Each structure stands twice: as C-alpha cells, then as structure tokens.
Amino acid sequence: MKTDIEIAQEATMEPIVTVAAKLGIGEEDLELYGRYKAKLSEEYIRSIQDRPDGKLILVTAINPTPAGEGKTTTSVGLGEAFGQLGKKAVIALREPSLGPCFGIKGGAAGGGYAQVVPMEDLNLHFTGDFHAITSANNLLAALLDNHIQQGNELGIDTRQVVWKRCEDMNDRVLRNIVVGLGSKGDGTVREDHFVITVASEIMAILCLATDMKDLKERLSRIVVAYNFAGQPVTAGDLKAVGAMAALLKDAIKPNLIQTLEHTPAIVHGGPFANIAHGCNSVRATKTALKTADYVITEAGFGADLGAEKFFDIKCRMAGLKPDAVVLVATVRALKYNGGVPKAQLSEENLDALKKGIVNLEKHIENLQKFGVPVVVTLNSFVTDTLAETDFVRAFCEERGCEFALSEVWEKGGKGGIALAQKVLKTLEEKKSGFHVLYDQSLPIREKVEIVAREIYGADGVSWSPAAARQAKKLEELGFGGLPVCMAKTQYSLSDNPDLLGRPKGFEISVREIYVSAGAGFVVVLTGAVMTMPGLPKQPAAFGIDVDDTGRITGLF
C-alpha cells in the first residue's frame, strides 16, 4: 500500500477556482495562494450572510490510542461520500500544527484515499496563518516587556506577568525560562514561559471572532499581567491591538482547498483540544453552512475534550446548533482499551473487545447528554473479524445509535457511502434537541465539577490551594460567568493517561486556573497536561526529507 504522502503527490488536483465554482464562489471572491489554495474574501463572506444554513455534522472519536482512530480521515471520507451521492457538501477542518508533524502524531490532512490536498502545503506553512498568530502573540509579549523597561507606567507587577511567548514547535526547554539577563538595557530579569502556538489565546480568539471588529475587541480584552494592586492589565492598556490586528488581517480569512475527490474543504484555525478548545474557526464553519447543504466538521481528540468544547464553548458562543454527531472508533482501539498490547491487536479477541468497549459506551452516553443524534462508525481494518464488527454493531444499536462501517482510508468516498447514508437517515428521522451541558453563570468550581462528573465520570475534583485561590480571584474580577476550557490528557477519560477504558473511583486534579478574557473562557489545567509539548526520542522529523527535485518525503 502506498503511503499517504505518495497518494497525495500522485493525485491530480483541480484548480481551486474550479473547486470554488462548485459552491457558486467566483474567482473574484478568492484571494489565490497559487493554483490550489485560496482565501475567501471578506466581501464574499459578507455577501452570503442572509442565506439559510445547511446541516451541521460533527465528527468526534473515542479516546485516542497508539492503534489510531482516523477521525480526520473519516471526516474527509464522509465529505467525499456525500459527493458520491450527489449531495452538496463542504468539509470544515482545522489547520495542522508543526509540533505534531515533526513530533510523534504526524500531520492532520486525513489518510489513504481520504485526504485534503495539497497535503505537504497544509501540513507545513500553508497560507501563513500560524506564523501570523505567532507573530501577533510575540509582538504583544515584546510590547509588554518594553513597557516595563520604559518606566512601567501601568504599575505591572513583574511577578504577575501571565502572558507567554509562543512557538509552533514542540520545544520543552522553553516551558520555563529566564529573560532579561545581561545589562540594564536588556530588560527586567524575570521568569517567562512559552506555549505552543495552538495553545495561544490569539489562536482561540482568531477561531472565535466573527469579524475584524470582534477580533480587535477580543484582542483588547487579553489579560497580560496584573498590577501591584492586583488588577488586570490588558493588551488594550498596552496599545497593542491595532498592530496585532494588522498582523492578523489575512489570517482571519478562511482557507479553501480540496479533497482527493475534489470535494471543497474550508480549513482554518487549529487550537489543540487537550490544552485549548479544539475546533476550527467559527468563521469557517458559518461560511461553510451558507455555501453547502451539509457541513462536516470535527473537534480534536476524544469526545470528552473536543466535542464537549465544541458544544459548550464554540456552539454556545456562535449560536451553532449541530444536527448530528459521528463518533469514530476502531476495533483495534477498543481492544487496546481492553488491555491488549499494541503488538497483538491484529488477533481476534472478543473478551478484550467486550472489556474495552466501555470507553465507546461512555462517549455515546456523553454525546446523548447534549441532545444530538449519534451515529457510530468503525474505521475498518483488514484484521477486523466479522464477529468483532457484529458485536460493536449490536452494542451501538442497543443504545439507540445508527451504525456503519467506514472504509474511506482504502476506498475514498465509495468506502464512506454506507456511513453517509446512515447520517442522512439520522438527519431525516431524528431532530436534534441540542443544548449545552451547564449554565455558564454558575460559579467556576461548580462548572468544573459538572464537566468532571458528567463527562469524565469522576467522583469529584481535587483542587490545589493555588487553583482554589485563582478561581476565587477570577470571580472577584468579574470572570466567573465564562465557560470553562478543560486542559486534560487526551488518552484517558480521567486526567491520568494510564487509566484506559472507563475508569471509576477517581478525582480530577486541578492545579491551575487562568482567564483567557479575549477568547471568553476560563482555562483549567488538570493533572500533568503541558501547554508546551516535547519531542519523543525518535521524532517524526528524523524521517522527513526533500529530494533533489524538491519533492518532500516522509511526511505523514
């Protein structure tokens, strides 16, 4: 079997103006980045606001395992399958981060014959959105430190600087650093930190902003530090907003590319779901809904993270109402949750499948709590047996879910027709009664408790003394009425990555809380989750190269 990058490089792409025309988008509505990439113009986005919305379908998954689940692959294949059925569909995805590309996970363009292309461009620099976000983030950091150096008129307490620099790379040595070393002219010596770009509040703001006016208002609310009186100092106070917005002028525009079968794909924004809110931009999703009858979008990692944040943060803020959810699982991943080592996952093991399927069960229950119809799909592997797939099918149907096998990795859109038909059947027969999980006006600690108990299955929450003080302080400052964005390991329903399946008898440990006032949520750090990942011993970067003709190899 060919590798993903070989399949992508051998594909014949249509000019992006041809892809856009399928949606009624003219060349004059595009800002071209070569032949196969484009941004949608502000004029076009404004011109379609009065159109009715299409149906919104969220793709999510069980907790990720080393066996792989294929959530993006399923999203892309489902969009291609809608095209095979003659339906007008658009896929709305996030942009990949360079961190995973050169780390362990690889890119985020899908896989096999269910990919978005140009694959190399998307996984690397694409249209420069992440570079713009990084630059805006670090401009604010530079203005902050310069303000302190130039007399500190705002009375910033250098021990309470909360704004961090960022870089879109896994670089653990930047997590905790000291800046300002050297002479007096080199700045004030203080502890500083880096986060990966996809965890920057600028990324969240870009993905939640409705237009440039909203973007600037959100940027102005960013809390960068606290003064000696304990009051917030904002980006607006530092007069940073105009320059930051100038850097983001093009990045705020959604990007248009295509799948291997030329289905349009709007790809924009990329916050991680384990440390940020895990959804593509509101602008991209809303634009997609105005241009197609069916929009397939996804949320990062498992449904305990990405889907919960999609519902409780993105949909709440943007007024979106999803019509159906596709929950992706694999037999291999379920057996892994049942205790089977990765090397033995190809062998039939119904006992392990029965033990591990409780992870899928919990995710089904969680999604049903939001009132949205659920379709479960098994991303098919050649090692799956009929007995195993029949068991999963019966398990899902007993819980009121439609079920379908997905073979999109091998067959592209044709391999997703069964899934697409089940999604269409669900949309026709079941009306979504979508609602959020909690009232955002509740106290911060109560909102965290609700997510921990209802979504993770925890017995309760253990608060560090610092986190308890921070929650109280944020409420005193007027931030208590914001939704909560839980930062948690993606590998388990708990905050312990080693607890597989459906863990019970545990508490969620909250170690830190801070406000992302511009984004409009409170970030809650649990367990040992890091906002700046590190590279593994054998990073994917070792296998990536460029040959003498400029052809990239090893990217996946």
# chains A, B, ... in the order shown; residues from 1 in each chain; ligands from 1
>>> residues_around(residues="Gly412 of chain A", least_positions_apart="6", cutoff="6 Å", atoms="only C-alpha atoms", output="list of chain:residue names")
A:Gly77, A:Tyr113, A:Ala114
>>> atom_distance(atom1="atom CA of Ala458 of chain A", atom2="atom CA of Glu507 of chain A")
5.3 Å
>>> closest_residue(among="A:Asp4, A:Asp192, A:Glu69, A:Glu27", to="Ala141 of chain A", atoms="only C-alpha atoms")
A:Asp192
>>> residues_around(residues="Gly86 of chain A", least_positions_apart="2", cutoff="12 Å", atoms="only C-alpha atoms", output="number ranges by chain")
A: 22, 79-84, 88-89, 263, 293-294, 413, 417, 420-421
>>> write_last_selection(atoms="C-alpha atoms", output="JSON list (two decimals), in the first residue's frame")
[["chain", "number", "residue", "atom", "x", "y", "z"],
["A", 22, "LYS", "CA", -18.98, 24.03, -7.28],
["A", 79, "GLY", "CA", -17.45, 14.55, 2.76],
["A", 80, "GLU", "CA", -16.27, 12.66, -0.29],
["A", 81, "ALA", "CA", -19.10, 10.12, 0.18],
["A", 82, "PHE", "CA", -21.68, 12.92, 0.20],
["A", 83, "GLY", "CA", -20.21, 13.98, -3.13],
["A", 84, "GLN", "CA", -20.51, 10.43, -4.44],
["A", 88, "LYS", "CA", -23.61, 19.48, -1.93],
["A", 89, "ALA", "CA", -21.19, 19.14, 0.96],
["A", 263, "THR", "CA", -14.80, 17.99, -2.52],
["A", 293, "ASP", "CA", -26.39, 21.68, 2.28],
["A", 294, "TYR", "CA", -24.18, 19.54, 4.50],
["A", 413, "GLY", "CA", -15.70, 8.34, -0.90],
["A", 417, "ILE", "CA", -21.27, 5.68, 1.33],
["A", 420, "ALA", "CA", -23.15, 8.83, 4.64],
["A", 421, "GLN", "CA", -26.46, 7.01, 4.14]]
>>> closest_residue(among="A:Val523, A:Leu482, A:Val461, A:Ala251", to="Asp439 of chain A", atoms="only C-alpha atoms")
A:Leu482
>>> select_by_dssp(residues="segment 60-191 of chain A", states="helix (DSSP H, G or I)", output="number ranges by chain")
A: 71-84, 98-102, 119-123, 129-149, 172-174, 184-186
>>> residues_around(residues="Ile364 of chain A", least_positions_apart="3", cutoff="8 Å", atoms="only C-alpha atoms", output="PyMOL selection string")
chain A and resi 327+360-361+367-368+374
>>> atom_distance(atom1="atom CA of Thr65 of chain A", atom2="atom CA of Ile196 of chain A")
22.2 Å
>>> closest_residue(among="A:Thr197, A:Thr291, A:Asn337, A:Gln115", to="Thr73 of chain A", atoms="only C-alpha atoms")
A:Gln115
